[in-house]
Structure formats: C-alpha cells, structure tokens
$ cat data-v3.cif   # mmCIF, C-alpha atoms, pLDDT in the B column; chains and numbers go by the auth columns
data_entry
#
loop_
_atom_site.group_PDB
_atom_site.id
_atom_site.type_symbol
_atom_site.label_atom_id
_atom_site.label_comp_id
_atom_site.label_asym_id
_atom_site.label_seq_id
_atom_site.Cartn_x
_atom_site.Cartn_y
_atom_site.Cartn_z
_atom_site.B_iso_or_equiv
_atom_site.auth_seq_id
_atom_site.auth_asym_id
ATOM 1 C CA MET A 1 44.141 247.063 -3.346 44.00 11 R
ATOM 2 C CA HIS A 2 47.639 245.673 -3.354 48.00 12 R
ATOM 3 C CA PRO A 3 49.913 246.400 -6.322 53.00 13 R
ATOM 4 C CA GLY A 4 50.119 243.417 -8.636 61.00 14 R
ATOM 5 C CA GLY A 5 47.136 241.658 -7.049 79.00 15 R
ATOM 6 C CA VAL A 6 44.005 240.347 -8.707 86.00 16 R
ATOM 7 C CA TYR A 7 40.524 241.164 -7.482 92.00 17 R
ATOM 8 C CA SER A 8 36.831 240.733 -7.871 95.00 18 R
ATOM 9 C CA THR A 9 34.326 243.545 -7.679 96.00 19 R
ATOM 10 C CA GLY A 10 30.627 243.291 -7.102 97.00 20 R
ATOM 11 C CA LEU A 11 27.553 244.608 -5.352 97.00 21 R
ATOM 12 C CA HIS A 12 27.090 242.458 -2.264 97.00 22 R
ATOM 13 C CA PRO A 13 23.419 242.009 -1.321 97.00 23 R
ATOM 14 C CA TRP A 14 24.003 243.397 2.181 96.00 24 R
ATOM 15 C CA PHE A 15 25.022 246.806 0.859 96.00 25 R
ATOM 16 C CA ILE A 16 22.611 247.507 -1.994 97.00 26 R
ATOM 17 C CA GLU A 17 20.484 250.646 -1.697 97.00 27 R
ATOM 18 C CA ALA A 18 17.740 251.645 -4.117 96.00 28 R
ATOM 19 C CA ASN A 19 18.795 255.292 -4.349 97.00 29 R
ATOM 20 C CA SER A 20 22.357 254.427 -5.410 97.00 30 R
ATOM 21 C CA LEU A 21 21.934 251.172 -7.344 97.00 31 R
ATOM 22 C CA GLN A 22 22.428 252.627 -10.820 97.00 32 R
ATOM 23 C CA GLN A 23 25.437 254.671 -9.736 98.00 33 R
ATOM 24 C CA LYS A 24 26.989 251.613 -8.060 97.00 34 R
ATOM 25 C CA LEU A 25 26.365 249.501 -11.172 98.00 35 R
ATOM 26 C CA ASN A 26 28.096 252.158 -13.283 97.00 36 R
ATOM 27 C CA GLU A 27 31.042 252.190 -10.872 97.00 37 R
ATOM 28 C CA LEU A 28 31.152 248.387 -10.987 97.00 38 R
ATOM 29 C CA LYS A 29 31.295 248.456 -14.773 97.00 39 R
ATOM 30 C CA GLN A 30 34.165 250.943 -14.747 97.00 40 R
ATOM 31 C CA ALA A 31 36.144 248.993 -12.142 96.00 41 R
ATOM 32 C CA SER A 32 35.498 245.559 -13.610 96.00 42 R
ATOM 33 C CA ILE A 33 37.038 246.275 -17.007 95.00 43 R
ATOM 34 C CA GLN A 34 40.465 246.671 -15.394 94.00 44 R
ATOM 35 C CA ASN A 35 42.862 243.820 -16.191 91.00 45 R
ATOM 36 C CA ASN A 36 43.479 242.989 -12.534 93.00 46 R
ATOM 37 C CA VAL A 37 39.752 242.507 -11.863 95.00 47 R
ATOM 38 C CA VAL A 38 39.130 238.875 -12.743 96.00 48 R
ATOM 39 C CA ALA A 39 35.576 238.283 -11.492 97.00 49 R
ATOM 40 C CA ILE A 40 32.256 239.908 -10.676 98.00 50 R
ATOM 41 C CA GLY A 41 31.273 239.370 -7.076 97.00 51 R
ATOM 42 C CA GLU A 42 30.435 238.769 -4.429 96.00 52 R
ATOM 43 C CA CYS A 43 26.980 239.129 -5.867 98.00 53 R
ATOM 44 C CA GLY A 44 23.849 237.137 -5.256 98.00 54 R
ATOM 45 C CA LEU A 45 20.814 236.833 -3.034 98.00 55 R
ATOM 46 C CA ASP A 46 20.518 236.692 0.749 98.00 56 R
ATOM 47 C CA LYS A 47 17.170 236.026 2.422 97.00 57 R
ATOM 48 C CA VAL A 48 18.585 236.828 5.856 97.00 58 R
ATOM 49 C CA CYS A 49 19.842 240.380 5.223 96.00 59 R
ATOM 50 C CA LYS A 50 17.670 243.492 5.432 96.00 60 R
ATOM 51 C CA THR A 51 17.991 244.484 1.770 97.00 61 R
ATOM 52 C CA ASN A 52 14.715 244.229 -0.153 97.00 62 R
ATOM 53 C CA MET A 53 14.664 240.977 -2.151 97.00 63 R
ATOM 54 C CA GLN A 54 13.490 242.601 -5.398 98.00 64 R
ATOM 55 C CA LEU A 55 16.320 245.113 -5.140 98.00 65 R
ATOM 56 C CA GLN A 56 18.790 242.269 -4.548 98.00 66 R
ATOM 57 C CA GLU A 57 17.409 240.451 -7.564 98.00 67 R
ATOM 58 C CA ASP A 58 17.655 243.555 -9.767 98.00 68 R
ATOM 59 C CA ALA A 59 21.295 244.049 -8.771 98.00 69 R
ATOM 60 C CA PHE A 60 22.114 240.373 -9.232 98.00 70 R
ATOM 61 C CA VAL A 61 20.506 240.217 -12.681 98.00 71 R
ATOM 62 C CA ALA A 62 22.428 243.301 -13.783 98.00 72 R
ATOM 63 C CA GLN A 63 25.705 241.797 -12.542 98.00 73 R
ATOM 64 C CA VAL A 64 25.117 238.442 -14.232 98.00 74 R
ATOM 65 C CA GLN A 65 24.336 240.208 -17.498 98.00 75 R
ATOM 66 C CA TRP A 66 27.449 242.376 -17.177 98.00 76 R
ATOM 67 C CA ALA A 67 29.667 239.408 -16.307 98.00 77 R
ATOM 68 C CA ASN A 68 28.456 237.681 -19.441 98.00 78 R
ATOM 69 C CA GLU A 69 29.006 240.806 -21.520 98.00 79 R
ATOM 70 C CA ILE A 70 32.630 241.146 -20.401 97.00 80 R
ATOM 71 C CA ASN A 71 33.192 237.385 -20.054 96.00 81 R
ATOM 72 C CA LYS A 72 34.298 237.331 -16.417 97.00 82 R
ATOM 73 C CA PRO A 73 33.282 234.692 -13.867 98.00 83 R
ATOM 74 C CA LEU A 74 30.849 235.275 -11.026 98.00 84 R
ATOM 75 C CA ILE A 75 31.492 234.820 -7.323 98.00 85 R
ATOM 76 C CA ILE A 76 28.125 234.073 -5.777 98.00 86 R
ATOM 77 C CA HIS A 77 26.984 235.010 -2.277 98.00 87 R
ATOM 78 C CA CYS A 78 23.939 232.879 -1.532 98.00 88 R
ATOM 79 C CA VAL A 79 21.996 232.580 1.714 97.00 89 R
ATOM 80 C CA ARG A 80 18.780 230.547 1.749 97.00 90 R
ATOM 81 C CA SER A 81 18.196 231.366 -1.908 98.00 91 R
ATOM 82 C CA TYR A 82 19.960 228.674 -3.932 98.00 92 R
ATOM 83 C CA ASP A 83 16.892 227.751 -5.973 97.00 93 R
ATOM 84 C CA GLU A 84 16.300 231.402 -6.864 98.00 94 R
ATOM 85 C CA VAL A 85 19.943 232.014 -7.823 98.00 95 R
ATOM 86 C CA LEU A 86 20.127 228.870 -9.947 98.00 96 R
ATOM 87 C CA LEU A 87 16.832 229.722 -11.654 98.00 97 R
ATOM 88 C CA LEU A 88 18.004 233.254 -12.457 98.00 98 R
ATOM 89 C CA LEU A 89 21.298 231.969 -13.855 98.00 99 R
ATOM 90 C CA LYS A 90 19.327 229.614 -16.084 98.00 100 R
ATOM 91 C CA GLN A 91 16.785 232.245 -17.152 98.00 101 R
ATOM 92 C CA LEU A 92 19.593 234.669 -17.965 98.00 102 R
ATOM 93 C CA ASP A 93 21.348 231.971 -20.013 98.00 103 R
ATOM 94 C CA ASN A 94 24.515 232.466 -17.993 98.00 104 R
ATOM 95 C CA LYS A 95 27.612 231.378 -19.921 98.00 105 R
ATOM 96 C CA VAL A 96 30.394 232.386 -17.505 98.00 106 R
ATOM 97 C CA PRO A 97 31.726 230.226 -14.676 98.00 107 R
ATOM 98 C CA ALA A 98 30.180 230.817 -11.264 98.00 108 R
ATOM 99 C CA ILE A 99 31.709 229.970 -7.896 98.00 109 R
ATOM 100 C CA PHE A 100 29.336 229.614 -4.939 98.00 110 R
ATOM 101 C CA HIS A 101 31.524 230.808 -2.126 96.00 111 R
ATOM 102 C CA GLY A 102 31.492 229.670 1.490 96.00 112 R
ATOM 103 C CA PHE A 103 29.592 226.488 0.689 97.00 113 R
ATOM 104 C CA ASN A 104 28.352 224.687 3.807 97.00 114 R
ATOM 105 C CA LYS A 105 25.192 222.912 2.686 97.00 115 R
ATOM 106 C CA ASN A 106 24.282 219.288 1.875 98.00 116 R
ATOM 107 C CA ILE A 107 25.370 216.934 -0.885 98.00 117 R
ATOM 108 C CA THR A 108 22.035 217.173 -2.716 98.00 118 R
ATOM 109 C CA LEU A 109 22.443 220.919 -3.173 98.00 119 R
ATOM 110 C CA ALA A 110 26.140 220.550 -3.964 98.00 120 R
ATOM 111 C CA LYS A 111 25.342 218.096 -6.757 98.00 121 R
ATOM 112 C CA LYS A 112 22.587 220.346 -8.104 98.00 122 R
ATOM 113 C CA ILE A 113 25.015 223.283 -8.366 98.00 123 R
ATOM 114 C CA ILE A 114 27.739 221.132 -9.904 98.00 124 R
ATOM 115 C CA ASP A 115 25.291 219.527 -12.332 98.00 125 R
ATOM 116 C CA ASP A 116 24.427 223.043 -13.538 98.00 126 R
ATOM 117 C CA GLY A 117 28.124 223.470 -14.371 97.00 127 R
ATOM 118 C CA TYR A 118 29.139 225.651 -11.440 98.00 128 R
ATOM 119 C CA TYR A 119 31.812 225.476 -8.742 98.00 129 R
ATOM 120 C CA LEU A 120 31.818 225.371 -4.942 98.00 130 R
ATOM 121 C CA SER A 121 34.287 227.147 -2.692 98.00 131 R
ATOM 122 C CA PHE A 122 34.939 225.763 0.779 98.00 132 R
ATOM 123 C CA GLY A 123 36.403 227.466 3.809 96.00 133 R
ATOM 124 C CA LYS A 124 35.986 227.251 7.555 95.00 134 R
ATOM 125 C CA ALA A 125 32.979 224.926 7.203 96.00 135 R
ATOM 126 C CA LEU A 126 35.461 222.166 6.289 97.00 136 R
ATOM 127 C CA PHE A 127 36.165 221.909 10.011 96.00 137 R
ATOM 128 C CA HIS A 128 32.638 220.475 10.428 97.00 138 R
ATOM 129 C CA GLN A 129 32.157 216.812 9.627 97.00 139 R
ATOM 130 C CA ASN A 130 29.044 217.226 7.465 97.00 140 R
ATOM 131 C CA THR A 131 30.766 219.743 5.165 97.00 141 R
ATOM 132 C CA LYS A 132 33.875 217.587 5.059 97.00 142 R
ATOM 133 C CA GLU A 133 31.699 214.675 3.882 98.00 143 R
ATOM 134 C CA VAL A 134 30.135 216.852 1.174 98.00 144 R
ATOM 135 C CA PHE A 135 33.582 217.945 0.021 98.00 145 R
ATOM 136 C CA ALA A 136 34.755 214.318 -0.030 98.00 146 R
ATOM 137 C CA ALA A 137 31.812 213.387 -2.262 98.00 147 R
ATOM 138 C CA ILE A 138 32.170 216.049 -4.964 98.00 148 R
ATOM 139 C CA PRO A 139 34.540 215.943 -7.924 98.00 149 R
ATOM 140 C CA LEU A 140 37.710 217.811 -7.082 98.00 150 R
ATOM 141 C CA ASN A 141 37.616 219.653 -10.405 98.00 151 R
ATOM 142 C CA THR A 142 34.568 221.571 -9.152 98.00 152 R
ATOM 143 C CA ALA A 143 36.128 222.929 -5.952 98.00 153 R
ATOM 144 C CA PHE A 144 37.944 225.969 -4.645 98.00 154 R
ATOM 145 C CA MET A 145 39.346 226.850 -1.223 97.00 155 R
ATOM 146 C CA GLU A 146 38.924 230.138 0.659 96.00 156 R
ATOM 147 C CA THR A 147 39.569 231.805 3.998 93.00 157 R
ATOM 148 C CA HIS A 148 37.096 234.706 3.653 85.00 158 R
ATOM 149 C CA ASP A 149 38.613 236.768 6.476 78.00 159 R
ATOM 150 C CA THR A 150 37.999 234.081 9.086 80.00 160 R
ATOM 151 C CA GLY A 151 41.402 234.192 10.721 87.00 161 R
ATOM 152 C CA ILE A 152 41.942 230.609 9.599 94.00 162 R
ATOM 153 C CA THR A 153 44.971 230.147 7.383 95.00 163 R
ATOM 154 C CA ILE A 154 44.608 228.869 3.845 95.00 164 R
ATOM 155 C CA ASP A 155 47.155 226.170 4.754 97.00 165 R
ATOM 156 C CA SER A 156 44.821 224.778 7.402 97.00 166 R
ATOM 157 C CA ILE A 157 41.888 224.867 4.951 97.00 167 R
ATOM 158 C CA TYR A 158 43.986 222.911 2.433 98.00 168 R
ATOM 159 C CA ARG A 159 44.971 220.369 5.103 98.00 169 R
ATOM 160 C CA GLU A 160 41.318 219.780 6.057 97.00 170 R
ATOM 161 C CA ALA A 161 40.306 219.453 2.414 98.00 171 R
ATOM 162 C CA ALA A 162 43.173 217.077 1.597 98.00 172 R
ATOM 163 C CA ASP A 163 42.269 214.993 4.636 97.00 173 R
ATOM 164 C CA ALA A 164 38.638 214.814 3.485 97.00 174 R
ATOM 165 C CA LYS A 165 39.742 213.583 0.053 98.00 175 R
ATOM 166 C CA ASN A 166 42.487 211.352 1.468 98.00 176 R
ATOM 167 C CA ILE A 167 45.070 212.949 -0.836 98.00 177 R
ATOM 168 C CA SER A 168 48.194 214.999 -0.284 98.00 178 R
ATOM 169 C CA VAL A 169 48.001 218.749 0.123 98.00 179 R
ATOM 170 C CA GLU A 170 50.288 219.016 -2.909 98.00 180 R
ATOM 171 C CA ALA A 171 47.867 217.023 -5.086 98.00 181 R
ATOM 172 C CA LEU A 172 44.999 219.181 -3.880 98.00 182 R
ATOM 173 C CA ILE A 173 46.892 222.384 -4.653 97.00 183 R
ATOM 174 C CA LEU A 174 47.681 221.175 -8.165 97.00 184 R
ATOM 175 C CA GLN A 175 44.007 220.463 -8.854 98.00 185 R
ATOM 176 C CA ILE A 176 42.839 223.784 -7.427 97.00 186 R
ATOM 177 C CA GLU A 177 45.403 225.528 -9.646 96.00 187 R
ATOM 178 C CA LYS A 178 43.932 223.700 -12.656 97.00 188 R
ATOM 179 C CA ASN A 179 40.453 224.793 -11.588 97.00 189 R
ATOM 180 C CA ALA A 180 41.626 228.401 -11.295 96.00 190 R
ATOM 181 C CA ILE A 181 43.148 228.277 -14.772 95.00 191 R
ATOM 182 C CA ALA A 182 39.892 226.868 -16.168 95.00 192 R
ATOM 183 C CA VAL A 183 37.770 229.573 -14.512 96.00 193 R
ATOM 184 C CA PHE A 184 40.072 232.578 -14.721 92.00 194 R
ATOM 185 C CA LYS A 185 41.407 231.966 -18.245 82.00 195 R
ATOM 186 C CA GLN A 186 42.440 235.558 -18.772 56.00 196 R
ATOM 187 C CA LEU A 187 45.150 235.397 -16.093 49.00 197 R
#
$ encode --input "data-v3.cif" --output "structure tokens"
Amino acid sequence: MHPGGVYSTGLHPWFIEANSLQQKLNELKQASIQNNVVAIGECGLDKVCKTNMQLQEDAFVAQVQWANEINKPLIIHCVRSYDEVLLLLKQLDNKVPAIFHGFNKNITLAKKIIDDGYYLSFGKALFHQNTKEVFAAIPLNTAFMETHDTGITIDSIYREAADAKNISVEALILQIEKNAIAVFKQL
C-alpha cells in the first residue's frame, strides 16, 4: 500500500481455499472498514480457474453481503459466469454499485449489465475493434477505465476510449470523474 492511496480488498476467485475461507473473510472485514479501502473486490466467479465453483460462490455471496452491510461498491471479476453473477446479485438484493472490470464481451451482455444498474470497466481490450464498438455504444456514465497491470498506460487507454466515442480525452476524463464520484461517494 502507498501512503495516502485508496484501495479495494477482496477474495479473488483464483486464490480461495476451503480451509482458509472463513479466516480470509474475517481478514477482509477487518481491512475493508479502513477509510482508505473504498471497494470490495476483485470478487466474483471464474469458470476457467481451478477453484471449486461452489467455494467461489460461497466467497462471492459473503463478499456481496458484506459490501452491502458496509455500503461499499463491488469490483467484479467475471469469467464465463456473467449470468450466474448477475443472478446472485439479484437474489442477494444487491444495493451497492458494482463495476465489472476488464470488460471485453459483446454489446448484448454490456447492455444487460448496464440495464441491471451496474458499470463496466475497460482496459487493454479497447485496442480491439469489437470492444471499441461496444464501448462506443454504451452510455458514458456507465464506464470506467483501467490498466490492470498490463503495461499499457492509462493515458493510452483514455485515448482509445475517447477515439471510440469521438470525444476529447478531457471530456472523457470529466465524465469518468463524475462516475467515480457517483460510485465512490465516501471519497
């Protein structure tokens, strides 16, 4: 952690283990009540990783419930499990904002997530035409930008996104700042 920074904390599906789940959830609860922790995540479901799906679901449910209890947004890791994640959020009556990070899917799925009231975060996939077209088609007030340790600068991500929307980088930055204020109200 860097002094003065803000963070998220969560149990990523890749690293969940049955014998330590409760301990890790307790640690998450302790860490997440700190003022500089602004979100719960990455958390979610991943059908490609080796972690047992029921264990992933148990951890995700616990994190969604905790996020709602402490009123902090969710940062969602989702691989081949969008229907399951969206269903769980609905069943759990999720009330906090959720950002689906690293979005690189189609417009139909993007609209489904947005229609449920959630956000999409775009990164390196914006350098692919199909993702750029999806980004161009969604409302800008539902979007975030990310680098996610790709080695690609956030400036280049913003340039690609602004190009997709045919707007200036400055206009894009202003809207993303508004989105951040809406999601991370406690900042």
$ residues_around --input "data-v3.cif" --residues "Leu96 of chain R" --least-positions-apart "6" --cutoff "10 Å" --atoms "all atoms listed in the file" --output "JSON list (two decimals) with C-alpha atoms, in the coordinates of the input"
[["chain", "number", "residue", "atom", "x", "y", "z"],
["R", 102, "LEU", "CA", 19.59, 234.67, -17.96],
["R", 104, "ASN", "CA", 24.52, 232.47, -17.99],
["R", 122, "LYS", "CA", 22.59, 220.35, -8.10],
["R", 123, "ILE", "CA", 25.02, 223.28, -8.37],
["R", 126, "ASP", "CA", 24.43, 223.04, -13.54],
["R", 128, "TYR", "CA", 29.14, 225.65, -11.44]]
$ atom_distance --input "data-v3.cif" --atom1 "atom CA of Pro83 of chain R" --atom2 "atom CA of Ala181 of chain R"
24.5 Å
$ closest_residue --input "data-v3.cif" --among "R:Leu98, R:Ile177, R:Val16, R:Gly133" --to "Asp68 of chain R" --atoms "all atoms listed in the file"
R:Leu98
$ atom_distance --input "data-v3.cif" --atom1 "atom CA of Lys115 of chain R" --atom2 "atom CA of Ser18 of chain R"
23.8 Å
$ resolve_selection --input "data-v3.cif" --expression "the PyMOL selection byres ((chain R and resi 153) around 10)" --output "count of residues only"
24
$ closest_residue --input "data-v3.cif" --among "R:Ala192, R:Ile86, R:Ala72, R:Ala147" --to "Lys34 of chain R" --atoms "only C-alpha atoms"
R:Ala72
$ resolve_selection --input "data-v3.cif" --expression "the PyMOL selection byres ((chain R and resi 168) around 8)" --output "list in words"
Met155, Ile164, Asp165, Ser166, Ile167, Arg169, Glu170, Ala171, Ala172, Val179, Leu182 and Ile183 of chain R
$ atom_distance --input "data-v3.cif" --atom1 "atom CA of Gly112 of chain R" --atom2 "atom CA of His87 of chain R"
7.9 Å
$ residues_around --input "data-v3.cif" --residues "segment 45-61 of chain R" --least-positions-apart "6" --cutoff "7 Å" --atoms "all atoms listed in the file" --output "ChimeraX atom specification"
/R:15-24,26,67,70,77,82-91,95,194
$ closest_residue --input "data-v3.cif" --among "R:Ala135, R:Ala146, R:Leu97, R:Leu31" --to "Ile117 of chain R" --atoms "all atoms listed in the file"
R:Ala146
$ axis_aligned_box --input "data-v3.cif" --around "segment 102-113 of chain R" --padding-each-side "6 Å" --output "JSON"
{"center_x": 25.7, "center_y": 230.6, "center_z": -9.3, "size_x": 24.1, "size_y": 20.2, "size_z": 33.5}
$ closest_residue --input "data-v3.cif" --among "R:Thr141, R:Gln40, R:Gln101, R:Gln32" --to "Asn114 of chain R" --atoms "all atoms listed in the file"
R:Thr141
$ closest_residue --input "data-v3.cif" --among "R:Lys105, R:Lys121, R:Lys142, R:His158" --to "Glu79 of chain R" --atoms "all atoms listed in the file"
R:Lys105
$ closest_residue --input "data-v3.cif" --among "R:Lys134, R:Lys175, R:Lys195, R:Lys188" --to "Thr163 of chain R" --atoms "all atoms listed in the file"
R:Lys134
$ decode --input "data-v3.cif" --residues "segment 116-147 of chain R" --atoms "N, CA and C atoms" --output "compact mmCIF listing (two decimals), in the first residue's frame"
# COMPACT_ATOMS: atom_id res chain seq x y z
N ASN R 116 -19.57 -8.75 -25.61
CA ASN R 116 -20.40 -8.14 -26.65
C ASN R 116 -21.39 -7.11 -26.11
N ILE R 117 -22.03 -6.43 -27.03
CA ILE R 117 -22.95 -5.34 -26.66
C ILE R 117 -24.19 -5.88 -25.94
N THR R 118 -24.64 -7.07 -26.30
CA THR R 118 -25.82 -7.64 -25.64
C THR R 118 -25.55 -7.83 -24.15
N LEU R 119 -24.41 -8.38 -23.82
CA LEU R 119 -24.06 -8.57 -22.41
C LEU R 119 -23.81 -7.22 -21.74
N ALA R 120 -23.15 -6.33 -22.43
CA ALA R 120 -22.90 -4.99 -21.86
C ALA R 120 -24.22 -4.33 -21.48
N LYS R 121 -25.19 -4.38 -22.38
CA LYS R 121 -26.49 -3.75 -22.10
C LYS R 121 -27.21 -4.44 -20.95
N LYS R 122 -27.08 -5.76 -20.87
CA LYS R 122 -27.71 -6.50 -19.77
C LYS R 122 -27.14 -6.03 -18.42
N ILE R 123 -25.83 -5.90 -18.34
CA ILE R 123 -25.19 -5.46 -17.10
C ILE R 123 -25.60 -4.03 -16.77
N ILE R 124 -25.57 -3.18 -17.76
CA ILE R 124 -25.94 -1.77 -17.56
C ILE R 124 -27.42 -1.65 -17.17
N ASP R 125 -28.26 -2.43 -17.84
CA ASP R 125 -29.69 -2.39 -17.52
C ASP R 125 -29.97 -2.83 -16.07
N ASP R 126 -29.09 -3.66 -15.52
CA ASP R 126 -29.22 -4.05 -14.12
C ASP R 126 -28.67 -2.99 -13.17
N GLY R 127 -28.16 -1.89 -13.74
CA GLY R 127 -27.70 -0.77 -12.92
C GLY R 127 -26.22 -0.78 -12.59
N TYR R 128 -25.45 -1.62 -13.29
CA TYR R 128 -24.04 -1.76 -12.96
C TYR R 128 -23.16 -1.06 -14.00
N TYR R 129 -21.86 -1.07 -13.73
CA TYR R 129 -20.87 -0.36 -14.53
C TYR R 129 -19.93 -1.35 -15.21
N LEU R 130 -19.27 -0.86 -16.27
CA LEU R 130 -18.27 -1.65 -16.98
C LEU R 130 -16.95 -0.90 -16.97
N SER R 131 -15.87 -1.61 -16.74
CA SER R 131 -14.55 -1.01 -16.78
C SER R 131 -13.78 -1.61 -17.96
N PHE R 132 -13.17 -0.73 -18.74
CA PHE R 132 -12.48 -1.14 -19.96
C PHE R 132 -10.99 -0.86 -19.84
N GLY R 133 -10.21 -1.76 -20.40
CA GLY R 133 -8.76 -1.60 -20.39
C GLY R 133 -8.18 -1.95 -21.74
N LYS R 134 -7.21 -2.86 -21.72
CA LYS R 134 -6.47 -3.19 -22.93
C LYS R 134 -7.35 -3.71 -24.07
N ALA R 135 -8.51 -4.24 -23.74
CA ALA R 135 -9.41 -4.75 -24.79
C ALA R 135 -9.88 -3.63 -25.73
N LEU R 136 -9.77 -2.37 -25.28
CA LEU R 136 -10.16 -1.25 -26.14
C LEU R 136 -9.30 -1.15 -27.39
N PHE R 137 -8.19 -1.85 -27.41
CA PHE R 137 -7.33 -1.85 -28.59
C PHE R 137 -7.82 -2.86 -29.64
N HIS R 138 -8.92 -3.54 -29.34
CA HIS R 138 -9.56 -4.46 -30.29
C HIS R 138 -10.84 -3.82 -30.80
N GLN R 139 -11.08 -3.90 -32.06
CA GLN R 139 -12.20 -3.19 -32.68
C GLN R 139 -13.55 -3.56 -32.09
N ASN R 140 -13.77 -4.85 -31.83
CA ASN R 140 -15.09 -5.25 -31.30
C ASN R 140 -15.36 -4.61 -29.93
N THR R 141 -14.37 -4.56 -29.06
CA THR R 141 -14.56 -3.93 -27.75
C THR R 141 -14.72 -2.43 -27.90
N LYS R 142 -13.99 -1.84 -28.81
CA LYS R 142 -14.12 -0.41 -29.07
C LYS R 142 -15.56 -0.09 -29.52
N GLU R 143 -16.14 -0.95 -30.35
CA GLU R 143 -17.52 -0.74 -30.80
C GLU R 143 -18.51 -0.88 -29.65
N VAL R 144 -18.27 -1.82 -28.75
CA VAL R 144 -19.12 -1.96 -27.57
C VAL R 144 -19.03 -0.70 -26.72
N PHE R 145 -17.80 -0.24 -26.48
CA PHE R 145 -17.61 0.97 -25.68
C PHE R 145 -18.32 2.15 -26.33
N ALA R 146 -18.22 2.27 -27.64
CA ALA R 146 -18.86 3.38 -28.36
C ALA R 146 -20.38 3.35 -28.19
N ALA R 147 -20.94 2.16 -28.00
CA ALA R 147 -22.39 2.00 -27.96
C ALA R 147 -23.01 2.17 -26.57
